[in-house]
>>> print(open('coords_4.txt').read())   # compact mmCIF, C-alpha atoms
# COMPACT_ATOMS: atom_id res chain seq x y z
CA MET A 1 171.99 78.79 52.39
CA ALA A 2 170.43 75.48 51.29
CA GLU A 3 168.16 73.64 53.69
CA PHE A 4 169.86 71.29 56.12
CA PRO A 5 169.53 67.76 54.62
CA PHE A 6 167.83 66.28 57.69
CA ASP A 7 165.88 69.30 58.92
CA ARG A 8 162.49 68.06 57.71
CA VAL A 9 163.19 64.47 56.65
CA THR A 10 164.45 61.54 58.73
CA ALA A 11 166.25 58.48 57.41
CA ASN A 12 163.12 56.43 58.06
CA GLU A 13 161.13 58.48 55.54
CA ALA A 14 163.66 58.28 52.71
CA SER A 15 164.43 55.64 50.11
CA PHE A 16 167.98 54.34 50.17
CA THR A 17 168.90 56.47 47.14
CA GLU A 18 167.54 59.59 48.83
CA ARG A 19 169.35 58.68 52.07
CA ASP A 20 172.60 58.26 50.12
CA GLU A 21 172.20 61.73 48.62
CA ARG A 22 171.18 63.41 51.88
CA TYR A 23 174.12 61.86 53.73
CA ARG A 24 176.43 63.06 50.95
CA LEU A 25 175.07 66.60 51.25
CA LEU A 26 175.29 66.40 55.03
CA HIS A 27 179.05 65.94 54.85
CA GLU A 28 179.28 69.05 52.68
CA TRP A 29 177.46 71.16 55.30
CA PRO A 30 179.75 74.01 56.42
CA GLN A 31 179.16 73.55 60.17
CA ARG A 32 179.88 70.49 62.33
CA SER A 33 176.59 70.59 64.26
CA TYR A 34 172.99 71.68 63.71
CA PRO A 35 170.26 72.75 66.18
CA HIS A 36 167.34 70.55 65.13
CA ARG A 37 163.72 71.53 65.70
CA SER A 38 163.36 68.55 68.07
CA GLY A 39 165.57 70.34 70.57
CA LEU A 40 168.46 67.95 69.88
CA ARG A 41 171.72 69.28 68.44
CA MET A 42 172.78 66.99 65.58
CA ILE A 43 176.39 65.92 65.03
CA TRP A 44 177.57 63.65 62.20
CA LYS A 45 181.31 63.91 61.61
CA TYR A 46 183.07 60.64 62.40
CA ASP A 47 185.54 61.95 64.97
CA ASP A 48 182.90 64.00 66.78
CA VAL A 49 180.41 61.11 66.84
CA ARG A 50 183.01 58.67 68.14
CA GLU A 51 184.09 61.03 70.93
CA VAL A 52 180.55 61.81 72.09
CA LEU A 53 179.39 58.19 71.85
CA ALA A 54 182.31 57.10 74.03
CA ALA A 55 181.23 59.62 76.70
CA GLY A 56 184.71 59.49 78.15
CA ARG A 57 184.78 63.10 79.33
CA PRO A 58 182.90 64.45 82.35
CA GLU A 59 181.09 67.01 80.18
CA ILE A 60 179.41 64.20 78.21
CA SER A 61 176.60 62.21 79.83
CA ARG A 62 174.63 59.23 78.58
CA ASP A 63 171.89 59.62 81.20
CA ASN A 64 169.31 60.75 78.62
CA SER A 65 169.84 57.88 76.17
CA LEU A 66 166.50 56.23 76.96
CA GLU A 67 164.45 59.32 77.80
CA PRO A 68 161.27 59.80 75.72
CA LEU A 69 161.74 62.43 73.04
CA VAL A 70 158.62 64.27 74.17
CA GLY A 71 159.75 64.21 77.81
CA TYR A 72 158.02 62.83 80.88
CA PRO A 73 156.02 66.07 81.52
CA ARG A 74 154.06 65.59 78.28
CA ILE A 75 153.38 61.96 79.17
CA ALA A 76 152.18 63.06 82.60
CA ALA A 77 149.97 65.66 80.93
CA THR A 78 148.32 63.05 78.66
CA PRO A 79 145.30 61.67 80.58
CA ARG A 80 145.03 58.51 78.48
CA ALA A 81 148.65 57.63 79.29
CA LEU A 82 148.42 57.97 83.05
CA PRO A 83 146.72 54.62 83.88
CA HIS A 84 149.36 52.74 81.89
CA LEU A 85 152.15 54.82 83.40
CA PHE A 86 151.08 54.16 86.99
CA ARG A 87 150.18 50.50 86.40
CA HIS A 88 153.36 49.41 84.69
CA LEU A 89 156.02 52.12 84.85
CA VAL A 90 155.94 53.61 88.34
CA PRO A 91 158.49 53.67 89.78
CA LEU A 92 160.22 54.43 86.49
CA PRO A 93 162.31 51.52 85.13
CA ALA A 94 165.86 51.20 86.39
CA LYS A 95 168.73 52.17 84.12
CA ALA A 96 170.56 49.20 82.62
CA THR A 97 173.45 49.70 80.20
CA ALA A 98 172.66 52.43 77.66
CA ASP A 99 171.94 55.08 80.30
CA LEU A 100 173.42 53.63 83.49
CA THR A 101 175.84 56.14 85.01
CA ASP A 102 176.95 53.95 87.94
CA GLY A 103 180.31 52.89 86.46
CA PRO A 104 180.99 49.68 88.40
CA LEU A 105 177.39 48.45 88.02
CA HIS A 106 177.40 49.34 84.32
CA ASP A 107 180.58 47.33 83.86
CA ARG A 108 179.12 44.31 85.66
CA VAL A 109 175.98 44.37 83.54
CA TRP A 110 177.93 44.87 80.31
CA ASN A 111 180.45 42.13 81.09
CA THR A 112 177.63 39.73 81.93
CA MET A 113 176.10 40.44 78.54
CA ALA A 114 179.15 40.78 76.32
CA GLY A 115 182.35 40.04 78.22
CA GLN A 116 184.72 37.23 77.33
CA SER A 117 182.13 34.65 78.37
CA GLY A 118 179.12 36.96 78.22
CA HIS A 119 175.59 35.87 77.40
CA PHE A 120 175.65 37.44 73.91
CA THR A 121 179.29 36.65 73.16
CA ILE A 122 179.84 34.39 70.15
CA ARG A 123 183.16 32.58 70.28
CA ALA A 124 184.65 31.31 67.02
CA ALA A 125 184.21 27.69 68.09
CA ASP A 126 180.51 28.31 68.79
CA ARG A 127 179.77 30.15 65.57
CA PRO A 128 178.43 27.08 63.65
CA ARG A 129 176.01 26.34 66.48
CA HIS A 130 174.72 29.92 66.49
CA ILE A 131 174.34 29.90 62.71
CA ALA A 132 172.30 26.71 62.92
CA ALA A 133 170.03 28.20 65.60
CA LEU A 134 169.54 31.43 63.63
CA THR A 135 168.81 29.45 60.47
CA GLU A 136 166.14 27.57 62.38
CA HIS A 137 164.65 30.89 63.50
CA PHE A 138 164.56 32.03 59.86
CA HIS A 139 162.59 29.01 58.70
CA ALA A 140 160.29 29.09 61.72
CA ALA A 141 159.55 32.77 60.98
CA LEU A 142 159.02 31.92 57.32
CA ALA A 143 156.44 29.31 58.29
CA THR A 144 154.44 32.01 60.11
CA THR A 145 154.85 34.58 57.34
CA ALA A 146 153.10 32.67 54.59
CA PRO A 147 153.72 34.08 51.10
CA SER A 148 150.72 35.51 49.27
CA GLY A 149 150.86 33.53 46.03
CA ALA A 150 154.38 33.96 44.75
CA ASP A 151 155.06 37.11 46.81
CA LEU A 152 156.82 37.29 50.16
CA ASP A 153 156.62 40.19 52.61
CA VAL A 154 160.28 40.53 53.58
CA THR A 155 159.53 43.29 56.07
CA ALA A 156 157.08 41.10 58.00
CA LEU A 157 159.48 38.14 57.78
CA SER A 158 162.38 40.21 59.14
CA ILE A 159 160.29 41.37 62.10
CA ALA A 160 159.09 37.84 62.90
CA TYR A 161 162.68 36.62 62.69
CA ALA A 162 164.11 39.42 64.83
CA THR A 163 161.51 38.89 67.55
CA ARG A 164 162.33 35.18 67.67
CA VAL A 165 166.07 35.86 67.83
CA THR A 166 165.87 38.46 70.57
CA GLY A 167 163.05 36.81 72.49
CA SER A 168 164.86 33.49 72.70
CA ALA A 169 168.17 35.18 73.54
CA VAL A 170 166.79 36.87 76.67
CA GLY A 171 164.60 33.96 77.78
CA LEU A 172 161.17 35.33 76.87
CA SER A 173 158.38 32.77 76.67
CA PRO A 174 157.82 31.62 73.03
CA GLY A 175 154.13 32.42 73.44
CA GLU A 176 155.02 36.10 73.74
CA TRP A 177 157.48 36.38 70.86
CA SER A 178 154.82 37.42 68.37
CA ARG A 179 154.00 40.55 70.40
CA VAL A 180 157.57 41.66 71.01
CA ALA A 181 157.61 43.85 67.89
CA VAL A 182 154.66 45.92 69.11
CA TRP A 183 156.10 46.34 72.60
CA SER A 184 159.62 47.11 71.44
CA GLY A 185 158.21 49.47 68.83
CA ALA A 186 156.68 51.45 71.67
CA GLN A 187 160.01 52.02 73.36
CA SER A 188 161.69 52.82 70.06
CA GLY A 189 158.90 55.20 69.06
CA LEU A 190 159.02 57.04 72.36
CA LEU A 191 162.76 57.55 71.96
CA GLY A 192 162.79 58.97 68.44
CA ARG A 193 159.32 60.23 67.54
CA SER A 194 157.27 63.23 68.60
CA MET A 195 153.96 61.74 69.78
CA ARG A 196 150.76 63.20 71.21
CA GLY A 197 147.37 62.14 72.47
CA ARG A 198 146.11 58.67 71.65
CA GLU A 199 149.34 57.64 69.88
CA LEU A 200 151.42 58.63 72.91
CA ALA A 201 149.08 56.82 75.28
CA GLY A 202 149.23 53.67 73.15
CA ALA A 203 153.02 53.76 73.12
CA VAL A 204 153.16 54.14 76.91
CA ALA A 205 150.75 51.19 77.28
CA ALA A 206 152.88 48.97 75.03
CA LEU A 207 156.07 50.07 76.78
CA GLY A 208 154.47 49.12 80.08
CA GLN A 209 153.70 45.67 78.69
CA LEU A 210 157.31 45.32 77.51
CA PHE A 211 158.63 45.90 81.03
CA THR A 212 155.94 43.76 82.67
CA VAL A 213 156.70 40.83 80.37
CA SER A 214 160.43 41.37 80.84
CA GLY A 215 159.89 41.13 84.59
CA ARG A 216 158.04 37.85 84.14
CA ALA A 217 160.86 36.54 81.97
CA VAL A 218 163.41 37.40 84.65
CA ASP A 219 161.35 35.77 87.40
CA HIS A 220 160.70 32.67 85.29
CA GLY A 221 164.39 32.42 84.44
CA LEU A 222 165.35 32.63 88.09
CA ARG A 223 162.93 29.82 89.00
CA SER A 224 164.29 27.59 86.26
CA ASP A 225 167.12 25.16 86.81
CA ALA A 226 168.58 25.97 83.40
CA ALA A 227 171.26 28.62 83.00
CA GLY A 228 170.06 31.63 81.05
CA PHE A 229 170.17 35.41 80.82
CA ALA A 230 168.33 35.93 84.13
CA THR A 231 170.54 33.56 86.10
CA ARG A 232 173.68 35.08 84.62
CA LEU A 233 172.57 38.52 85.73
CA ARG A 234 171.65 37.22 89.19
CA ASP A 235 174.95 35.41 89.62
CA ALA A 236 176.76 38.63 88.68
CA GLY A 237 174.96 40.43 91.52
CA ILE A 238 172.73 42.53 89.26
CA PRO A 239 169.61 43.82 91.08
CA ARG A 240 166.30 42.53 89.72
CA ARG A 241 165.08 45.97 88.55
CA VAL A 242 168.26 46.47 86.55
CA ALA A 243 167.98 42.92 85.14
CA VAL A 244 164.41 43.65 83.98
CA SER A 245 165.60 46.78 82.18
CA ALA A 246 168.45 44.85 80.58
CA VAL A 247 165.92 42.37 79.16
CA ALA A 248 163.51 45.08 77.97
CA ASN A 249 166.24 47.19 76.39
CA SER A 250 167.75 44.15 74.67
CA LEU A 251 164.37 43.28 73.19
CA ALA A 252 163.68 46.79 71.92
CA ALA A 253 167.12 47.44 70.49
CA GLY A 254 167.51 43.95 69.08
CA VAL A 255 164.25 43.83 67.17
CA HIS A 256 164.69 47.18 65.48
CA THR A 257 168.40 47.01 64.79
CA VAL A 258 168.14 43.54 63.23
CA SER A 259 164.88 43.94 61.32
CA GLY A 260 165.53 47.50 60.12
CA SER A 261 169.00 46.64 58.87
CA ILE A 262 167.67 43.59 57.04
CA GLN A 263 164.86 45.56 55.41
CA GLN A 264 167.01 48.43 54.19
CA GLY A 265 169.90 46.18 53.22
CA ALA A 266 167.70 43.86 51.17
CA VAL A 267 166.20 46.82 49.33
CA ARG A 268 169.68 48.06 48.41
CA LEU A 269 170.93 44.61 47.34
CA LEU A 270 167.92 43.89 45.14
CA ALA A 271 167.83 47.36 43.56
CA ASP A 272 171.23 46.86 41.97
CA PRO A 273 170.68 45.69 38.34
CA SER A 274 173.97 43.77 38.40
CA ARG A 275 173.09 42.06 41.72
CA GLU A 276 176.80 42.09 42.59
CA TRP A 277 176.38 42.20 46.37
CA TRP A 278 173.30 39.98 46.28
CA ARG A 279 175.21 37.16 44.56
CA LEU A 280 177.96 37.36 47.18
CA LEU A 281 175.45 35.98 49.70
CA ALA A 282 175.87 32.58 48.07
CA GLU A 283 179.09 31.95 49.98
CA PRO A 284 179.48 32.23 53.77
CA ARG A 285 182.72 34.22 53.65
CA THR A 286 181.44 36.87 51.27
CA ALA A 287 178.03 36.90 52.96
CA THR A 288 179.83 38.13 56.08
CA GLU A 289 181.33 41.02 54.09
CA VAL A 290 177.89 42.00 52.78
CA ALA A 291 176.30 41.93 56.24
CA VAL A 292 179.03 44.12 57.69
CA LYS A 293 178.54 46.63 54.86
CA VAL A 294 174.77 46.62 55.30
CA LEU A 295 175.20 47.41 58.99
CA GLN A 296 177.55 50.26 58.09
CA LEU A 297 175.38 51.89 55.43
CA ASP A 298 171.82 50.95 56.36
CA PRO A 299 171.53 50.21 60.08
CA GLY A 300 168.08 49.95 61.62
CA LEU A 301 169.28 52.20 64.44
CA VAL A 302 170.73 55.37 62.87
CA ALA A 303 171.41 57.65 65.84
CA TRP A 304 171.59 57.78 69.62
CA LYS A 305 171.29 60.44 72.29
CA ARG A 306 173.79 61.99 74.64
CA ARG A 307 173.71 65.07 76.87
CA ILE A 308 176.35 67.79 77.09
CA ARG A 309 176.41 68.89 80.73
CA ARG A 310 178.25 72.15 80.08
CA PRO A 311 179.67 73.85 76.97
CA LEU A 312 182.34 71.67 75.42
CA THR A 313 184.97 71.90 72.71
CA LEU A 314 185.61 68.51 71.12
CA THR A 315 189.05 67.33 70.02
CA SER A 316 188.19 68.35 66.44
CA GLY A 317 187.55 71.91 67.58
CA ALA A 318 183.78 71.56 67.22
CA GLU A 319 181.96 73.52 69.93
CA LEU A 320 178.84 72.07 71.56
CA PRO A 321 176.60 74.04 73.91
CA ALA A 322 175.02 72.39 76.96
CA GLY A 323 171.96 70.31 76.12
CA PRO A 324 170.85 67.09 74.43
CA VAL A 325 172.70 65.85 71.36
CA LEU A 326 171.63 63.50 68.57
CA VAL A 327 174.69 61.45 67.64
CA MET A 328 174.16 60.44 64.00
CA PHE A 329 176.39 57.37 63.67
CA ALA A 330 174.79 56.16 60.41
CA ALA A 331 175.92 59.48 58.93
CA ALA A 332 179.36 59.15 60.54
CA ASN A 333 179.70 55.75 58.84
CA ARG A 334 179.72 57.65 55.53
CA ASP A 335 182.11 60.44 56.48
CA PRO A 336 184.56 60.73 53.54
CA ALA A 337 187.35 61.52 56.00
CA ALA A 338 186.87 58.08 57.59
CA PHE A 339 185.52 56.09 54.62
CA PRO A 340 186.94 57.48 51.34
CA ASP A 341 184.44 55.55 49.20
CA CYS A 342 181.81 54.19 51.55
CA LEU A 343 179.65 52.66 48.79
CA ASP A 344 182.50 50.42 47.64
CA LEU A 345 182.08 47.04 49.34
CA ARG A 346 185.78 46.33 49.68
CA ARG A 347 187.10 49.85 50.24
CA GLY A 348 188.39 50.03 53.79
CA GLY A 349 188.04 52.71 56.42
CA LYS A 350 187.79 53.20 60.13
CA LEU A 351 185.65 51.13 62.47
CA PRO A 352 181.94 51.73 61.70
CA LEU A 353 180.09 53.22 64.67
CA THR A 354 176.80 51.38 64.24
CA PHE A 355 177.09 49.72 67.64
CA GLY A 356 178.72 52.61 69.46
CA PHE A 357 182.28 53.10 70.57
CA GLY A 358 184.39 52.59 73.67
CA ALA A 359 183.09 51.28 76.98
CA HIS A 360 179.47 51.73 75.91
CA ILE A 361 179.51 49.68 72.72
CA CYS A 362 176.31 47.67 72.25
CA PRO A 363 176.56 44.35 74.12
CA GLY A 364 174.46 42.63 71.45
CA LYS A 365 176.79 43.58 68.58
CA GLN A 366 177.97 40.06 67.76
CA LEU A 367 174.52 38.49 67.87
CA ALA A 368 172.92 41.27 65.82
CA THR A 369 175.64 41.14 63.16
CA LEU A 370 175.39 37.37 62.78
CA ALA A 371 171.57 37.53 62.77
CA VAL A 372 171.60 39.97 59.84
CA GLU A 373 174.13 37.83 57.98
CA VAL A 374 172.16 34.60 58.43
CA PHE A 375 168.86 36.17 57.37
CA LEU A 376 170.25 37.73 54.19
CA ARG A 377 172.02 34.52 53.19
CA GLN A 378 168.95 32.39 53.86
CA LEU A 379 166.81 34.81 51.86
CA TYR A 380 169.23 34.48 48.95
CA LEU A 381 169.24 30.67 49.18
CA LEU A 382 165.45 30.72 49.32
CA ALA A 383 165.05 32.95 46.29
CA PRO A 384 168.27 33.74 44.42
CA GLY A 385 166.24 35.24 41.58
CA ALA A 386 164.03 37.36 43.84
CA ARG A 387 162.85 40.71 42.56
CA PRO A 388 161.03 43.53 44.36
CA VAL A 389 157.32 43.89 43.59
CA GLU A 390 154.71 46.51 44.45
CA VAL A 391 151.61 45.26 46.21
CA GLY A 392 149.79 48.59 46.43
CA PRO A 393 150.66 52.20 47.20
CA PRO A 394 153.87 52.34 49.26
CA PRO A 395 152.99 52.88 52.94
CA ARG A 396 154.02 56.20 54.39
CA ARG A 397 156.82 55.79 56.90
CA GLY A 398 156.77 58.13 59.89
CA ALA A 399 159.43 60.57 60.96
CA ASP A 400 161.84 58.93 63.41
CA LEU A 401 165.14 60.37 64.53
CA LEU A 402 166.59 57.13 65.87
CA PHE A 403 165.21 54.14 63.96
CA SER A 404 164.81 53.37 60.27
CA GLY A 405 163.42 50.57 58.14
CA ALA A 406 161.93 49.84 54.73
CA ASP A 407 158.97 48.07 53.17
CA LEU A 408 159.78 45.26 50.76
CA HIS A 409 157.85 42.51 49.02
CA ILE A 410 159.65 40.15 46.66
CA ALA A 411 158.54 37.80 43.93
CA LEU A 412 159.96 34.35 44.54
CA ASP A 413 161.51 32.22 41.82
CA GLY A 414 159.82 28.94 42.67
CA ARG A 415 162.37 27.77 45.24
CA LEU A 416 160.19 28.13 48.33
>>> encode(input="coords_4.txt", output="structure tokens")
Amino acid sequence: MAEFPFDRVTANEASFTERDERYRLLHEWPQRSYPHRSGLRMIWKYDDVREVLAAGRPEISRDNSLEPLVGYPRIAATPRALPHLFRHLVPLPAKATADLTDGPLHDRVWNTMAGQSGHFTIRAADRPRHIAALTEHFHAALATTAPSGADLDVTALSIAYATRVTGSAVGLSPGEWSRVAVWSGAQSGLLGRSMRGRELAGAVAALGQLFTVSGRAVDHGLRSDAAGFATRLRDAGIPRRVAVSAVANSLAAGVHTVSGSIQQGAVRLLADPSREWWRLLAEPRTATEVAVKVLQLDPGLVAWKRRIRRPLTLTSGAELPAGPVLVMFAAANRDPAAFPDCLDLRRGGKLPLTFGFGAHICPGKQLATLAVEVFLRQLYLLAPGARPVEVGPPPRRGADLLFSGADLHIALDGRL
């Protein structure tokens, strides 16, 4: 039998053409699940992914969603990590939305973030105001990501932009926005990468800083007279520890979902010789279509974790043993049974699962989607004739089961 397409390679290590081919081969695999060397059982068929993401059956738990991939015992056995662990992360952070199993509290947190009048909800009447604010974030990030000659580091620009968007959204002090990427990268890395030694200790230290700064943001927001994320959570009766986790998790997920999707999407758009999708960014309506497709095919977050409490047969007939599961929603977004021709921009299909499904859908979905759309359109308006350039040997991207990005520099066309 051929090697499983994602046994040794993660999406983060592959070019978009290699990812396209590996996802195609994945949907030809004869089984519906695969026991990965990480200890996670992979699933990728659309119906299976949707059912497990929804976690609507008692056999399916989301309580491991934010557990480190290496487990807490390895962290505790890493001497360099212990000072950071005890200084910043003991007691362990409260669960917020992704892994909160208290149903009523989960619903209160989620509704405060994304309900009808939630903090991250974007109503149609408010859309122009949000676009203007995101456009301002783009140009402010551009001012801090100075081009080298006629070249622009799109990866660095996307990270600077994503940290501004998420930092401002949760009420983080502007003076700390520039460090959000490092801190959020720590949480993301702990979730999807197998770390040891010094690297693991550094990630624990940065994660500790993320939660410490999130706590300061909550406390500052509560002292302020202005309404914001912290006051919304307080007014909804959310305990402070849960509010701190909601801020930290929003920062981590927001930075990597937005920046990774931008990076991979821009690479795909600019690699097309005809530039068909790239040119569609010129108009707001068609720019929306492109952003939605980018988030389907090339999301910065490609998978999430769930736990099967006891052996389970899914509605499809797929059998899952007890244990942790890697729910590969980026793969599910390409399932031919759900998306007959996923690489066709205007070919329809089912609802993409990039932001989850059911009661546990990502509360930042609307903001993240609009943030990707605004960045891509502003990049097009900045440099409609942009072309990718190499500025040295391509950096090696690490194996990561959950997050994915790309490295991109472009040559500008004189319109900066």
>>> closest_residue(input="coords_4.txt", among="A:Gly71, A:Gly398, A:Asp7, A:Ala217", to="Tyr34 of chain A", atoms="all atoms listed in the file")
A:Asp7
>>> closest_residue(input="coords_4.txt", among="A:Ala203, A:Leu280, A:Leu381, A:Val294", to="Pro68 of chain A", atoms="all atoms listed in the file")
A:Ala203
>>> residues_around(input="coords_4.txt", residues="Pro388 of chain A", least_positions_apart="5", cutoff="8 Å", atoms="only C-alpha atoms", output="list of chain:residue names")
A:Val267, A:Leu270, A:Ala271, A:Leu408, A:His409, A:Ile410, A:Ala411
>>> atom_distance(input="coords_4.txt", atom1="atom CA of Thr163 of chain A", atom2="atom CA of Trp177 of chain A")
5.8 Å
>>> closest_residue(input="coords_4.txt", among="A:Leu312, A:Ile159, A:Leu92, A:Val302", to="Leu207 of chain A", atoms="only C-alpha atoms")
A:Leu92
>>> atom_distance(input="coords_4.txt", atom1="atom CA of Asp99 of chain A", atom2="atom CA of Arg234 of chain A")
20.0 Å
>>> closest_residue(input="coords_4.txt", among="A:Gly254, A:Gly208, A:Pro93, A:Gly215", to="Ala371 of chain A", atoms="only C-alpha atoms")
A:Gly254
>>> closest_residue(input="coords_4.txt", among="A:Gly167, A:Gly349, A:Pro174, A:Gly300", to="Thr369 of chain A", atoms="all atoms listed in the file")
A:Gly300
>>> residues_around(input="coords_4.txt", residues="segment 186-189 of chain A", least_positions_apart="3", cutoff="8 Å", atoms="all atoms listed in the file", output="PyMOL selection string")
chain A and resi 182-183+192-193+202-204+206-207+252-253+256+400+402-403
>>> residues_around(input="coords_4.txt", residues="Leu281 of chain A", least_positions_apart="4", cutoff="7 Å", atoms="only C-alpha atoms", output="ChimeraX atom specification")
/A:286-287,377,380
>>> closest_residue(input="coords_4.txt", among="A:Arg285, A:Leu401, A:Ser194, A:Asp298", to="Ser15 of chain A", atoms="all atoms listed in the file")
A:Asp298
>>> atom_distance(input="coords_4.txt", atom1="atom CA of Glu199 of chain A", atom2="atom CA of Leu326 of chain A")
23.1 Å
>>> residues_around(input="coords_4.txt", residues="Ser158 of chain A", least_positions_apart="5", cutoff="7 Å", atoms="all atoms listed in the file", output="list in words")
Ser259, Ile262 and Gln263 of chain A
>>> residues_around(input="coords_4.txt", residues="Ala132 of chain A", least_positions_apart="4", cutoff="12 Å", atoms="all atoms listed in the file", output="list in words")
Asp126, Arg127, Pro128, Glu136, His137, Phe138, His139, Leu370, Ala371, Val374, Phe375 and Gln378 of chain A
>>> write_last_selection(input="coords_4.txt", atoms="C-alpha atoms", output="PDB file, keeping the file's coordinate frame")
ATOM      1  CA  ASP A 126     180.510  28.310  68.790  1.00  0.00           C
ATOM      2  CA  ARG A 127     179.770  30.150  65.570  1.00  0.00           C
ATOM      3  CA  PRO A 128     178.430  27.080  63.650  1.00  0.00           C
ATOM      4  CA  GLU A 136     166.140  27.570  62.380  1.00  0.00           C
ATOM      5  CA  HIS A 137     164.650  30.890  63.500  1.00  0.00           C
ATOM      6  CA  PHE A 138     164.560  32.030  59.860  1.00  0.00           C
ATOM      7  CA  HIS A 139     162.590  29.010  58.700  1.00  0.00           C
ATOM      8  CA  LEU A 370     175.390  37.370  62.780  1.00  0.00           C
ATOM      9  CA  ALA A 371     171.570  37.530  62.770  1.00  0.00           C
ATOM     10  CA  VAL A 374     172.160  34.600  58.430  1.00  0.00           C
ATOM     11  CA  PHE A 375     168.860  36.170  57.370  1.00  0.00           C
ATOM     12  CA  GLN A 378     168.950  32.390  53.860  1.00  0.00           C
TER      13      GLN A 378
END
>>> build_atoms(input="coords_4.txt", residues="segment 384-397 of chain A", atoms="N, CA, C and O atoms", output="tab-separated table (two decimals), in the coordinates of the input")
chain	number	residue	atom	x	y	z
A	384	PRO	N	167.14	33.04	45.03
A	384	PRO	CA	168.27	33.74	44.42
A	384	PRO	C	167.85	34.68	43.28
A	384	PRO	O	168.54	35.64	42.99
A	385	GLY	N	166.72	34.38	42.66
A	385	GLY	CA	166.24	35.24	41.58
A	385	GLY	C	165.17	36.21	42.02
A	385	GLY	O	164.42	36.73	41.19
A	386	ALA	N	165.07	36.48	43.31
A	386	ALA	CA	164.03	37.36	43.84
A	386	ALA	C	164.08	38.74	43.19
A	386	ALA	O	165.15	39.24	42.85
A	387	ARG	N	162.92	39.33	43.05
A	387	ARG	CA	162.85	40.71	42.56
A	387	ARG	C	161.78	41.46	43.35
A	387	ARG	O	160.75	40.89	43.73
A	388	PRO	N	162.02	42.74	43.62
A	388	PRO	CA	161.03	43.53	44.36
A	388	PRO	C	159.74	43.69	43.55
A	388	PRO	O	159.77	43.81	42.32
A	389	VAL	N	158.61	43.67	44.23
A	389	VAL	CA	157.32	43.89	43.59
A	389	VAL	C	156.52	44.88	44.43
A	389	VAL	O	156.70	44.99	45.64
A	390	GLU	N	155.61	45.60	43.76
A	390	GLU	CA	154.71	46.51	44.45
A	390	GLU	C	153.39	45.79	44.67
A	390	GLU	O	152.85	45.15	43.77
A	391	VAL	N	152.88	45.92	45.87
A	391	VAL	CA	151.61	45.26	46.21
A	391	VAL	C	150.56	46.30	46.60
A	391	VAL	O	149.62	46.01	47.32
A	392	GLY	N	150.71	47.49	46.11
A	392	GLY	CA	149.79	48.59	46.43
A	392	GLY	C	150.60	49.85	46.64
A	392	GLY	O	151.83	49.85	46.53
A	393	PRO	N	149.93	50.94	46.96
A	393	PRO	CA	150.66	52.20	47.20
A	393	PRO	C	151.66	52.01	48.35
A	393	PRO	O	151.33	51.39	49.37
A	394	PRO	N	152.87	52.50	48.19
A	394	PRO	CA	153.87	52.34	49.26
A	394	PRO	C	153.37	52.98	50.56
A	394	PRO	O	152.86	54.11	50.53
A	395	PRO	N	153.44	52.28	51.67
A	395	PRO	CA	152.99	52.88	52.94
A	395	PRO	C	153.87	54.06	53.33
A	395	PRO	O	155.07	54.08	53.03
A	396	ARG	N	153.27	55.04	53.96
A	396	ARG	CA	154.02	56.20	54.39
A	396	ARG	C	154.74	55.87	55.70
A	396	ARG	O	154.13	55.45	56.66
A	397	ARG	N	156.03	56.04	55.70
A	397	ARG	CA	156.82	55.79	56.90
A	397	ARG	C	156.92	57.07	57.71
A	397	ARG	O	157.11	58.15	57.16
